[in-house]
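*Asks:* My structure is stored as input-v2.tsv, with TSV, C-alpha atoms and all ligand atoms.
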```tsv
chain	number	residue	atom	x	y	z
A	1	MET	CA	1.86	-0.96	15.45
A	2	ASN	CA	5.58	-0.26	15.20
A	3	ILE	CA	6.77	-1.35	11.77
A	4	LEU	CA	10.21	-2.08	10.38
A	5	VAL	CA	10.20	-0.76	6.81
A	6	THR	CA	13.13	-2.13	4.81
A	7	GLY	CA	13.80	-0.12	1.67
A	8	GLY	CA	11.69	2.69	3.13
A	9	ALA	CA	13.65	5.47	1.41
A	10	GLY	CA	12.67	4.11	-2.02
A	11	PHE	CA	9.71	4.87	-4.28
A	12	ILE	CA	7.02	2.62	-2.82
A	13	GLY	CA	8.48	2.57	0.70
A	14	SER	CA	8.41	6.37	1.08
A	15	HIS	CA	4.76	6.54	0.00
A	16	THR	CA	3.88	3.70	2.34
A	17	LEU	CA	5.45	5.52	5.30
A	18	ILE	CA	2.98	8.36	4.81
A	19	GLU	CA	0.00	6.02	4.83
A	20	LEU	CA	1.37	4.18	7.88
A	21	TYR	CA	1.70	7.38	9.88
A	22	LYS	CA	-1.72	8.59	8.69
A	23	ALA	CA	-3.21	5.33	9.99
A	24	GLY	CA	-1.60	5.85	13.41
A	25	HIS	CA	1.33	3.45	13.07
A	26	SER	CA	4.99	4.27	13.68
A	27	ALA	CA	7.96	3.10	11.63
A	28	VAL	CA	11.71	2.62	11.57
A	29	VAL	CA	13.40	2.57	8.17
A	30	VAL	CA	16.32	0.34	7.26
A	31	ASP	CA	17.86	1.17	3.90
A	32	ASN	CA	21.39	1.10	2.49
A	33	LEU	CA	20.48	3.96	0.08
A	34	CYS	CA	21.86	2.02	-2.92
A	35	ASN	CA	18.93	3.27	-5.01
A	36	SER	CA	17.52	6.14	-2.97
A	37	SER	CA	18.27	9.27	-1.00
A	38	GLN	CA	17.65	10.23	2.62
A	39	GLU	CA	16.02	13.37	1.23
A	40	SER	CA	12.89	11.29	0.56
A	41	LEU	CA	12.62	10.59	4.30
A	42	ARG	CA	13.02	14.28	5.15
A	43	ARG	CA	10.13	15.05	2.81
A	44	VAL	CA	7.98	12.24	4.23
A	45	ALA	CA	8.55	13.72	7.70
A	46	ALA	CA	7.46	17.14	6.42
A	47	ILE	CA	4.30	15.67	4.85
A	48	VAL	CA	3.25	13.78	7.98
A	49	GLY	CA	4.31	16.64	10.27
A	50	ILE	CA	6.93	14.96	12.43
A	51	GLU	CA	10.53	15.96	13.07
A	52	HIS	CA	12.15	12.97	11.44
A	53	ILE	CA	11.53	9.39	10.40
A	54	PRO	CA	13.74	7.02	12.45
A	55	PHE	CA	16.35	5.75	9.99
A	56	CYS	CA	19.21	3.22	10.11
A	57	GLN	CA	21.56	3.05	7.14
A	58	VAL	CA	22.06	-0.71	7.13
A	59	ASP	CA	22.35	-3.30	4.39
A	60	ILE	CA	19.90	-6.13	5.06
A	61	ARG	CA	22.73	-8.63	4.35
A	62	ASP	CA	24.56	-7.21	7.39
A	63	ARG	CA	23.40	-9.57	10.11
A	64	ASP	CA	25.04	-7.66	12.99
A	65	GLY	CA	23.77	-4.31	11.79
A	66	LEU	CA	20.24	-5.65	11.45
A	67	SER	CA	20.41	-7.37	14.86
A	68	HIS	CA	21.35	-4.05	16.46
A	69	VAL	CA	18.27	-2.46	14.95
A	70	PHE	CA	16.09	-5.23	16.40
A	71	ASP	CA	17.85	-4.95	19.78
A	72	ALA	CA	17.04	-1.24	19.89
A	73	HIS	CA	13.36	-1.45	18.83
A	74	HIS	CA	10.36	-3.68	19.30
A	75	PHE	CA	8.66	-4.40	15.96
A	76	ASP	CA	5.16	-5.75	15.49
A	77	ALA	CA	5.75	-6.44	11.81
A	78	CYS	CA	8.10	-5.83	8.90
A	79	ILE	CA	7.16	-4.46	5.50
A	80	HIS	CA	9.96	-5.67	3.29
A	81	PHE	CA	10.62	-3.48	0.25
A	82	ALA	CA	14.44	-3.61	0.16
A	83	GLY	CA	15.71	-5.15	-3.04
A	84	LEU	CA	17.19	-4.48	-6.44
A	85	LYS	CA	14.52	-4.20	-9.13
A	86	ALA	CA	15.94	-3.43	-12.57
A	87	VAL	CA	14.94	-6.26	-14.89
A	88	GLY	CA	17.65	-5.63	-17.55
A	89	GLU	CA	20.41	-5.17	-14.98
A	90	SER	CA	19.42	-8.47	-13.35
A	91	VAL	CA	20.15	-10.25	-16.63
A	92	GLU	CA	23.64	-8.66	-16.72
A	93	LYS	CA	24.35	-9.21	-13.01
A	94	PRO	CA	22.42	-12.27	-11.85
A	95	TRP	CA	24.74	-13.04	-8.91
A	96	GLU	CA	24.35	-9.52	-7.54
A	97	TYR	CA	20.55	-9.83	-7.74
A	98	TYR	CA	20.40	-13.26	-6.11
A	99	ASP	CA	22.84	-12.11	-3.43
A	100	ASN	CA	21.11	-8.84	-2.62
A	101	ASN	CA	17.51	-10.00	-2.83
A	102	ILE	CA	17.75	-13.61	-1.70
A	103	SER	CA	20.69	-13.54	0.74
A	104	GLY	CA	19.41	-10.25	2.13
A	105	THR	CA	15.91	-11.60	2.73
A	106	LEU	CA	17.25	-14.83	4.29
A	107	VAL	CA	19.28	-12.78	6.77
A	108	LEU	CA	16.27	-10.56	7.50
A	109	LEU	CA	13.96	-13.53	8.13
A	110	ASP	CA	16.49	-15.18	10.42
A	111	VAL	CA	17.08	-12.02	12.47
A	112	MET	CA	13.32	-11.48	12.66
A	113	ARG	CA	12.60	-14.93	14.09
A	114	GLN	CA	15.52	-14.65	16.52
A	115	HIS	CA	13.86	-11.50	17.85
A	116	GLY	CA	10.37	-13.00	17.96
A	117	CYS	CA	8.98	-10.88	15.13
A	118	LYS	CA	7.18	-13.23	12.74
A	119	ASN	CA	4.89	-10.92	10.79
A	120	ILE	CA	6.03	-9.91	7.32
A	121	ILE	CA	4.53	-8.22	4.26
A	122	PHE	CA	6.60	-8.88	1.17
A	123	SER	CA	6.81	-6.84	-2.06
A	124	SER	CA	6.26	-9.42	-4.74
A	125	SER	CA	5.32	-8.78	-8.31
A	126	ALA	CA	2.98	-9.76	-11.11
A	127	THR	CA	6.17	-10.96	-12.75
A	128	ALA	CA	5.78	-14.12	-10.62
A	129	TYR	CA	2.93	-15.18	-12.97
A	130	GLY	CA	5.33	-15.26	-15.95
A	131	ASN	CA	3.30	-15.32	-19.15
A	132	PRO	CA	-0.05	-15.64	-17.37
A	133	GLN	CA	-2.38	-18.50	-18.20
A	134	GLN	CA	-5.45	-16.30	-17.85
A	135	ILE	CA	-6.39	-12.63	-18.03
A	136	PRO	CA	-7.44	-11.02	-15.77
A	137	ILE	CA	-4.97	-12.71	-13.44
A	138	THR	CA	-6.36	-14.10	-10.19
A	139	GLU	CA	-4.24	-15.38	-7.32
A	140	GLN	CA	-5.36	-18.90	-8.34
A	141	CYS	CA	-3.44	-18.52	-11.57
A	142	PRO	CA	-0.32	-20.74	-11.37
A	143	LYS	CA	3.05	-19.08	-11.09
A	144	GLY	CA	5.03	-19.20	-14.32
A	145	GLN	CA	8.50	-19.14	-15.81
A	146	CYS	CA	10.13	-15.77	-15.12
A	147	SER	CA	12.06	-14.25	-17.99
A	148	ASN	CA	14.81	-12.72	-15.85
A	149	PRO	CA	16.74	-13.22	-12.56
A	150	TYR	CA	14.90	-10.32	-10.86
A	151	GLY	CA	11.60	-12.10	-11.38
A	152	TRP	CA	13.06	-15.37	-10.10
A	153	THR	CA	14.18	-13.67	-6.88
A	154	LYS	CA	10.55	-12.68	-6.23
A	155	SER	CA	9.21	-16.10	-7.12
A	156	MET	CA	11.84	-17.93	-5.03
A	157	LEU	CA	11.37	-15.67	-2.01
A	158	GLU	CA	7.62	-16.29	-2.12
A	159	GLN	CA	8.46	-19.99	-1.89
A	160	VAL	CA	10.93	-19.48	0.97
A	161	MET	CA	8.39	-17.52	3.04
A	162	SER	CA	5.55	-19.93	2.26
A	163	ASP	CA	7.68	-22.90	3.37
A	164	MET	CA	8.75	-21.13	6.57
A	165	GLN	CA	5.13	-20.30	7.39
A	166	LYS	CA	4.11	-23.91	6.77
A	167	ALA	CA	6.85	-25.16	9.11
A	168	ASP	CA	6.12	-22.58	11.80
A	169	PRO	CA	2.50	-21.36	11.89
A	170	ASP	CA	3.49	-18.52	14.22
A	171	TRP	CA	4.58	-16.73	11.07
A	172	ASN	CA	2.07	-14.46	9.34
A	173	VAL	CA	3.17	-13.82	5.76
A	174	VAL	CA	1.40	-11.58	3.26
A	175	LEU	CA	2.71	-11.76	-0.28
A	176	LEU	CA	1.61	-8.70	-2.24
A	177	ARG	CA	1.92	-9.03	-6.01
A	178	TYR	CA	2.12	-5.51	-7.37
A	179	PHE	CA	1.10	-4.75	-10.91
A	180	ASN	CA	2.61	-1.54	-12.40
A	181	PRO	CA	3.06	1.19	-9.77
A	182	ILE	CA	3.24	4.75	-11.15
A	183	GLY	CA	2.13	8.21	-9.98
A	184	ALA	CA	3.45	10.13	-6.98
A	185	HIS	CA	2.21	11.73	-3.80
A	186	PRO	CA	-0.25	14.53	-4.72
A	187	SER	CA	1.95	17.04	-2.83
A	188	GLY	CA	4.59	16.64	-5.55
A	189	LEU	CA	7.22	16.32	-2.81
A	190	ILE	CA	8.06	12.64	-3.27
A	191	GLY	CA	8.03	10.38	-6.31
A	192	GLU	CA	10.01	7.94	-8.39
A	193	ASP	CA	13.64	8.94	-8.89
A	194	PRO	CA	15.32	6.41	-11.17
A	195	ASN	CA	19.08	6.38	-11.66
A	196	GLY	CA	20.20	6.97	-15.25
A	197	ILE	CA	17.99	6.04	-18.19
A	198	PRO	CA	14.58	4.91	-16.92
A	199	ASN	CA	13.61	1.31	-17.67
A	200	ASN	CA	9.92	1.79	-16.99
A	201	LEU	CA	7.30	3.53	-19.07
A	202	MET	CA	6.05	6.37	-16.84
A	203	PRO	CA	9.43	7.78	-15.73
A	204	TYR	CA	10.51	7.68	-19.36
A	205	ILE	CA	7.38	9.59	-20.42
A	206	THR	CA	7.89	12.26	-17.74
A	207	GLN	CA	11.54	12.72	-18.72
A	208	VAL	CA	10.53	13.20	-22.36
A	209	ALA	CA	7.82	15.67	-21.32
A	210	VAL	CA	10.28	17.69	-19.22
A	211	GLY	CA	12.78	17.81	-22.10
A	212	LYS	CA	15.46	15.51	-20.66
A	213	ARG	CA	15.02	12.94	-23.44
A	214	PRO	CA	14.02	13.60	-27.05
A	215	GLN	CA	11.38	10.91	-27.52
A	216	LEU	CA	9.85	7.78	-26.07
A	217	GLY	CA	10.57	4.45	-27.72
A	218	VAL	CA	7.39	2.34	-27.82
A	219	PHE	CA	8.51	-1.28	-27.65
A	220	GLY	CA	6.43	-2.98	-30.33
A	221	ASN	CA	3.09	-2.19	-31.98
A	222	ASP	CA	2.38	-5.67	-33.29
A	223	TYR	CA	1.10	-7.36	-30.13
A	224	ASP	CA	-2.30	-8.99	-30.09
A	225	THR	CA	-3.87	-6.01	-28.27
A	226	PRO	CA	-6.41	-3.40	-29.46
A	227	ASP	CA	-3.73	-0.95	-30.71
A	228	GLY	CA	-0.82	-3.39	-30.94
A	229	THR	CA	1.10	-1.97	-27.95
A	230	GLY	CA	1.59	-3.72	-24.60
A	231	VAL	CA	-1.25	-3.57	-22.05
A	232	ARG	CA	-0.54	-3.25	-18.30
A	233	ASP	CA	-2.41	-2.64	-15.05
A	234	TYR	CA	-1.03	0.70	-13.83
A	235	ILE	CA	-1.73	1.44	-10.19
A	236	HIS	CA	-1.26	4.73	-8.32
A	237	VAL	CA	1.54	4.37	-5.77
A	238	VAL	CA	-0.65	5.93	-3.06
A	239	ASP	CA	-3.27	3.21	-3.63
A	240	LEU	CA	-0.51	0.62	-3.49
A	241	ALA	CA	0.78	2.12	-0.24
A	242	ARG	CA	-2.71	1.89	1.28
A	243	GLY	CA	-2.81	-1.78	0.33
A	244	HIS	CA	0.04	-2.33	2.80
A	245	VAL	CA	-1.88	-0.66	5.60
A	246	ALA	CA	-4.86	-2.91	4.82
A	247	ALA	CA	-2.56	-5.97	4.85
A	248	LEU	CA	-1.23	-4.94	8.28
A	249	LYS	CA	-4.74	-5.03	9.69
A	250	LYS	CA	-5.07	-8.57	8.36
A	251	ILE	CA	-1.72	-9.64	9.79
A	252	GLY	CA	-2.74	-8.27	13.20
A	253	GLN	CA	-5.59	-10.81	13.15
A	254	GLY	CA	-3.20	-13.75	12.61
A	255	SER	CA	-3.63	-14.39	8.92
A	256	GLY	CA	-1.15	-17.25	8.32
A	257	LEU	CA	-0.09	-17.24	4.68
A	258	SER	CA	-1.93	-15.07	2.18
A	259	VAL	CA	-1.31	-13.67	-1.27
A	260	TYR	CA	-3.00	-10.71	-2.93
A	261	ASN	CA	-2.85	-8.98	-6.26
A	262	LEU	CA	-2.58	-5.22	-5.89
A	263	GLY	CA	-3.82	-3.77	-9.16
A	264	THR	CA	-6.80	-1.83	-10.48
A	265	GLY	CA	-8.22	-4.55	-12.72
A	266	HIS	CA	-7.96	-2.24	-15.78
A	267	GLY	CA	-5.43	-2.61	-18.57
A	268	TYR	CA	-4.09	0.35	-20.56
A	269	SER	CA	-1.90	0.15	-23.64
A	270	VAL	CA	1.35	2.10	-23.96
A	271	LEU	CA	-0.30	4.49	-26.44
A	272	GLU	CA	-3.34	4.96	-24.20
A	273	VAL	CA	-1.02	5.99	-21.35
A	274	VAL	CA	0.90	8.37	-23.64
A	275	HIS	CA	-2.31	10.00	-24.88
A	276	ALA	CA	-3.84	10.22	-21.38
A	277	PHE	CA	-0.64	11.90	-20.15
A	278	GLU	CA	-0.70	14.43	-23.01
A	279	ARG	CA	-4.40	15.17	-22.52
A	280	VAL	CA	-4.34	15.56	-18.73
A	281	ASN	CA	-1.16	17.62	-18.57
A	282	GLY	CA	-1.36	19.60	-21.81
A	283	VAL	CA	2.15	18.55	-22.85
A	284	SER	CA	3.37	16.60	-25.83
A	285	VAL	CA	5.23	13.28	-25.66
A	286	PRO	CA	6.87	12.52	-29.01
A	287	TYR	CA	7.38	8.81	-29.59
A	288	VAL	CA	8.77	6.38	-32.12
A	289	ILE	CA	7.85	2.72	-32.56
A	290	LYS	CA	10.76	0.40	-31.78
A	291	PRO	CA	11.14	-3.40	-31.89
A	292	ARG	CA	9.65	-5.45	-29.06
A	293	ARG	CA	11.68	-5.57	-25.84
A	294	ALA	CA	12.95	-9.06	-24.95
A	295	GLY	CA	10.92	-10.73	-22.21
A	296	ASP	CA	7.83	-8.48	-22.56
A	297	ILE	CA	4.37	-10.01	-22.74
A	298	ALA	CA	1.37	-8.59	-24.60
A	299	THR	CA	-1.15	-8.18	-21.81
A	300	CYS	CA	-1.04	-8.25	-18.03
A	301	TYR	CA	-3.79	-7.04	-15.74
A	302	SER	CA	-5.20	-8.18	-12.44
A	303	ASP	CA	-8.39	-9.39	-10.96
A	304	PRO	CA	-8.09	-7.48	-7.66
A	305	SER	CA	-11.31	-8.81	-6.09
A	306	LYS	CA	-9.61	-10.98	-3.46
A	307	ALA	CA	-7.96	-7.90	-1.91
A	308	LEU	CA	-11.38	-6.21	-1.82
A	309	ASP	CA	-13.12	-9.22	-0.27
A	310	GLU	CA	-10.49	-10.00	2.35
A	311	LEU	CA	-8.68	-6.72	2.99
A	312	GLY	CA	-11.44	-4.26	2.16
A	313	TRP	CA	-8.96	-2.57	-0.18
A	314	ARG	CA	-9.54	-1.30	-3.69
A	315	ALA	CA	-7.69	1.21	-5.84
A	316	GLN	CA	-9.29	4.67	-5.80
A	317	TYR	CA	-7.21	6.56	-8.36
A	318	GLY	CA	-7.59	6.37	-12.14
A	319	ILE	CA	-5.13	6.72	-14.99
A	320	GLU	CA	-5.69	10.51	-15.20
A	321	ASP	CA	-4.72	10.91	-11.52
A	322	MET	CA	-1.63	8.79	-12.10
A	323	CYS	CA	-0.59	10.89	-15.11
A	324	ARG	CA	-1.25	14.18	-13.29
A	325	ASP	CA	0.68	13.21	-10.16
A	326	SER	CA	3.62	11.71	-12.05
A	327	TRP	CA	3.95	14.97	-13.99
A	328	ASN	CA	3.51	17.14	-10.90
A	329	TRP	CA	6.44	15.33	-9.25
A	330	GLN	CA	8.68	15.46	-12.34
A	331	ARG	CA	7.93	19.10	-13.15
A	332	ASN	CA	8.64	20.24	-9.59
A	333	ASN	CA	11.74	18.04	-9.25
A	334	PRO	CA	13.33	17.79	-12.71
A	335	ASP	CA	16.46	16.24	-11.16
A	336	GLY	CA	14.62	14.10	-8.61
A	337	TYR	CA	16.03	14.41	-5.09
A	338	ARG	CA	19.39	15.73	-6.32
A	401	LIG	P1	13.27	1.35	-4.97
A	401	LIG	O1	14.56	0.94	-5.60
A	401	LIG	O2	12.85	2.76	-5.11
A	401	LIG	O3	13.30	0.97	-3.41
A	401	LIG	C1	14.01	-0.14	-2.91
A	401	LIG	C2	14.83	0.37	-1.74
A	401	LIG	O4	15.58	-0.73	-1.20
A	401	LIG	C3	15.86	1.44	-2.12
A	401	LIG	O5	15.71	2.54	-1.26
A	401	LIG	C4	17.21	0.75	-1.94
A	401	LIG	O6	18.20	1.67	-1.54
A	401	LIG	C5	16.88	-0.29	-0.88
A	401	LIG	N1	17.75	-1.48	-0.90
A	401	LIG	C6	18.07	-2.28	-1.94
A	401	LIG	N2	18.87	-3.27	-1.53
A	401	LIG	C7	19.06	-3.11	-0.20
A	401	LIG	C8	19.80	-3.80	0.78
A	401	LIG	N3	20.54	-4.89	0.47
A	401	LIG	N4	19.77	-3.38	2.06
A	401	LIG	C9	19.05	-2.28	2.40
A	401	LIG	N5	18.34	-1.56	1.50
A	401	LIG	C10	18.34	-1.98	0.22
A	401	LIG	O7	12.15	0.35	-5.54
A	401	LIG	P2	10.57	0.42	-5.36
A	401	LIG	O8	9.99	0.68	-6.71
A	401	LIG	O9	10.20	1.26	-4.24
A	401	LIG	O10	10.29	-1.11	-5.04
A	401	LIG	C11	10.14	-1.59	-3.72
A	401	LIG	C12	9.96	-3.10	-3.76
A	401	LIG	O11	8.82	-3.42	-4.56
A	401	LIG	C13	11.14	-3.84	-4.37
A	401	LIG	O12	11.34	-5.04	-3.68
A	401	LIG	C14	10.68	-4.13	-5.78
A	401	LIG	O13	11.31	-5.26	-6.32
A	401	LIG	C15	9.19	-4.36	-5.56
A	401	LIG	N6	8.39	-4.13	-6.78
A	401	LIG	C16	8.50	-2.94	-7.43
A	401	LIG	C17	7.76	-2.74	-8.59
A	401	LIG	C18	7.90	-1.45	-9.37
A	401	LIG	O14	7.54	-1.44	-10.56
A	401	LIG	N7	8.39	-0.36	-8.78
A	401	LIG	C19	6.90	-3.74	-9.08
A	401	LIG	C20	6.80	-4.93	-8.36
A	401	LIG	C21	7.54	-5.13	-7.20
A	402	LIG	N1	7.52	0.39	-22.54
A	402	LIG	C1	7.79	1.10	-23.69
A	402	LIG	N2	8.83	1.97	-23.67
A	402	LIG	C2	9.63	2.18	-22.58
A	402	LIG	C3	9.33	1.45	-21.40
A	402	LIG	C4	8.28	0.56	-21.41
A	402	LIG	O1	7.11	0.94	-24.69
A	402	LIG	O2	10.58	2.98	-22.65
A	402	LIG	C5	6.37	-0.53	-22.53
A	402	LIG	C6	6.74	-1.98	-22.24
A	402	LIG	O3	7.09	-2.63	-23.43
A	402	LIG	C7	5.45	-2.49	-21.59
A	402	LIG	C8	4.90	-1.28	-20.84
A	402	LIG	O4	5.52	-0.15	-21.46
A	402	LIG	O5	4.53	-2.86	-22.58
A	402	LIG	C9	5.25	-1.27	-19.36
A	402	LIG	O6	6.66	-1.45	-19.21
A	402	LIG	P1	7.39	-1.20	-17.82
A	402	LIG	O7	8.86	-1.41	-18.06
A	402	LIG	O8	6.98	0.11	-17.25
A	402	LIG	O9	6.79	-2.31	-16.87
A	402	LIG	P2	6.77	-3.90	-17.01
A	402	LIG	O10	5.34	-4.32	-17.12
A	402	LIG	O11	7.69	-4.37	-18.05
A	402	LIG	O12	7.40	-4.35	-15.61
A	402	LIG	C10	7.10	-3.69	-14.39
A	402	LIG	C11	8.33	-3.74	-13.48
A	402	LIG	C12	8.62	-5.14	-13.09
A	402	LIG	C13	7.41	-5.77	-12.47
A	402	LIG	C14	6.23	-5.67	-13.41
A	402	LIG	C15	4.98	-6.20	-12.77
A	402	LIG	O13	9.46	-3.21	-14.16
A	402	LIG	O14	9.64	-5.14	-12.13
A	402	LIG	O15	6.02	-4.30	-13.75
A	402	LIG	O16	4.81	-5.63	-11.52
A	402	LIG	F1	7.66	-7.06	-12.22
```
Once you've parsed the file, please lay out its structure as structure tokens.
Ligand code: NAD
Ligand code: UFG
*Replies:*
Amino acid sequence: MNILVTGGAGFIGSHTLIELYKAGHSAVVVDNLCNSSQESLRRVAAIVGIEHIPFCQVDIRDRDGLSHVFDAHHFDACIHFAGLKAVGESVEKPWEYYDNNISGTLVLLDVMRQHGCKNIIFSSSATAYGNPQQIPITEQCPKGQCSNPYGWTKSMLEQVMSDMQKADPDWNVVLLRYFNPIGAHPSGLIGEDPNGIPNNLMPYITQVAVGKRPQLGVFGNDYDTPDGTGVRDYIHVVDLARGHVAALKKIGQGSGLSVYNLGTGHGYSVLEVVHAFERVNGVSVPYVIKPRRAGDIATCYSDPSKALDELGWRAQYGIEDMCRDSWNWQRNNPDGYR
């Protein structure tokens, strides 16, 4: 299939491109590079052994720009990664998040249907469950109250796409709720390249390990968890990328509306991740306990069995692989793509 990959220069998009090409698909990337660099696409091309990845620097809110891309290519489906994703920033700049993520996706969906492309895989998030009513979280678990505008954009866009699919059954919509993607391609050539101070745990750990930051702040050790620190379902980004290829197979069969958790089903605490990282990589990660971070929940991990039953997909990599590959990327690229 020929796939439009919005946000394809970013962390998850770049890893997904590799798995798409490996599975025999082709892709065109649309990205405005607001949180990424074209260098990631050059490295993806080197990994998959092609000259270049077709790329259009377009903002998904730019209806004319997007229409030109659709006029120039036939797409069988879109994998829609483009969006802003920093939780804290979304609290400071809600309008910018609703505009970018919601307006952008509305334009994309409209241009897609005008061009007869009605197959979409959407990057949603475990954040849509809010403070989950049950652990492990199944897709049956009701959606909850999000604690920030970023989360609401995901939850609202799920609703938009579900309603569109209900009104027009020609649409095939796969909502993928990611748990906590970390790790990097085993080549060490591509990985996560956050701007400024990392918000998320693993990039913060790797920057401490490489000497860019003095110590990790652990946000709270008084949660109701085995060691008091927050528990999450970390998933290797390569596994996550393969989940998209599995979802494409499903979409090709005319799947209607479906939603899947993409996680491993295992929860690790902050301190377990820190200690695994130190053990696997032989480096030390000094840390200090800090107060809880607003909006955090104690425990969040998936039941990923629906994705196994219906997509034949399950995560292959463990926490040690994730720690090794995150460090391999950071050590080889201390300044990311710069
Ligand atoms: P990322 O920031 O690395 O990638 C997103 C890409 O989208 C970037 O390359 C950015 O330049 C591009 N982009 C943003 N707004 C755009 C616009 N208006 N027009 C065109 N391009 C635009 O983030 P990521 O970690 O790869 O995440 C990909 C998707 O998965 C996002 O939608 C994110 O919300 C979602 N997600 C991520 C996580 C996570 O922890 N990384 C968890 C759950 C869901
Ligand atoms: N944490 C620290 N110190 C840090 C960063 C994080 O102790 O410097 C802790 C957090 O308190 C939490 C755990 O590490 O217990 C994981 O935090 P992350 O920020 O890495 O991830 P979150 O679970 O908070 O959220 C992430 C993404 C969201 C997404 C969610 C579910 O940031 O966008 O996973 O997919 F919605």
*Asks:* Which of these residues is nearest to ligand LIG 402 (chain A), using all atoms listed in the file: A:Asp227, A:Asp335, A:Asp321, A:Glu19?
*Replies:*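 Among the listed residues, the smallest separation from ligand LIG 402 (chain A) belongs to A:Asp227.
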*Asks:* Let me have all residues with an atom within 9 Å of ligand LIG 402 (chain A), counting all atoms listed in the file, laid out as number ranges by chain.
*Replies:* A: 85-87, 124-128, 150-151, 154, 177-182, 198-205, 216-221, 229-234, 269-271, 273, 289-290, 292-300
*Asks:* With all atoms listed in the file as the basis for distance, which of A:Leu240, A:Asn131, A:Pro136, A:Lys212 is at the shortest distance from ligand LIG 401 (chain A)?
*Replies:*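 Result for the nearest residue to ligand LIG 401 (chain A): A:Leu240.
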*Asks:* Residues up to 7 Å from ligand LIG 401 (chain A), counting all atoms listed in the file: could you list those as a PyMOL selection string?
*Replies:* chain A and resi 6-13+30-36+58-61+81-85+100-101+104+123-126+177-181+192
*Asks:* Need the axis-aligned box for segment 151-158 of chain A with 6 Å each side, so what are the centre and edges in Å to one decimal, as AutoDock Vina command-line options?
*Replies:*
```
--center_x 10.9 --center_y -15.0 --center_z -6.7 --size_x 18.6 --size_y 17.8 --size_z 21.4
```
*Asks:* Gly256 of chain A: which residues within 12 Å, counting all atoms listed in the file, same-chain residues fewer than 3 positions away excluded, as a ChimeraX atom specification?
*Replies:* /A:118-121,161-175,247,250-253,259
*Asks:* Which residues are close to Val29 of chain A, i.e. within 10 Å by only C-alpha atoms, leaving aside same-chain residues fewer than 6 positions away? Reply as a count of residues only.
*Replies:* 20
*Asks:* Could you jot down the atom CA of Ala184 of chain A to atom CA of Tyr129 of chain A separation for me, Å, one decimal place?
*Replies:* 26.0 Å
*Asks:* Taking into account only C-alpha atoms, which residue in the set A:Thr225, A:Ser103, A:Gln133, A:Ser187 is nearest to His15 of chain A?
*Replies:*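 So, comparing all the options, the nearest one is A:Ser187.
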*Asks:* May I ask for the distance between atom CA of Ile319 of chain A and atom CA of His244 of chain A, given in Å to one decimal place?
*Replies:*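 Pair atom CA of Ile319 of chain A / atom CA of His244 of chain A returns 20.6 Å.
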*Asks:* Separation of atom CA of Val280 of chain A and atom CA of Thr206 of chain A, in Å?
*Replies:* 12.7 Å
*Asks:* Would you mind telling me which residue in A:Pro334, A:Gly49, A:Gly243, A:Gly282 lies nearest to Leu176 of chain A when using all atoms listed in the file?
*Replies:* A:Gly243
*Asks:* I need the residue nearest Phe70 of chain A from this list: A:Ser37, A:Thr16, A:Gln114, A:Ser90. Use only C-alpha atoms for the distance.
*Replies:*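 Smallest separation from Phe70 of chain A among the options: A:Gln114.
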*Asks:* Could you name the residues that touch Gly263 of chain A at 6 Å or less, counting only C-alpha atoms, but leaving out those on the same chain fewer than 4 positions away, as a list of chain:residue names?
*Replies:*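 Answer for this query is A:Phe179, A:Ile235, A:Ser302, A:Pro304.
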*Asks:* Using all atoms listed in the file, which of A:Gly116, A:Gly267, A:Gly191, A:Pro286 sits nearest Gly318 of chain A?
*Replies:*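 Using all atoms listed in the file, Gly318 of chain A sits closest to A:Gly267.
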*Asks:* What's around Ile190 of chain A at 7 Å? Count all atoms listed in the file, leave out sequence neighbours fewer than 6 positions away in its own chain, and write the answer as number ranges by chain.
*Replies:* A: 40, 43, 184, 329
*Asks:* I need the chosen residues saved as a short mmCIF file (atom, residue, chain, number, x, y, z; two decimals), in the frame of the given file, with C-alpha atoms.
*Replies:*
```cif
data_model
loop_
_atom_site.label_atom_id
_atom_site.label_comp_id
_atom_site.auth_asym_id
_atom_site.auth_seq_id
_atom_site.Cartn_x
_atom_site.Cartn_y
_atom_site.Cartn_z
CA SER A 40 12.89 11.29 0.56
CA ARG A 43 10.13 15.05 2.81
CA ALA A 184 3.45 10.13 -6.98
CA TRP A 329 6.44 15.33 -9.25
#
```
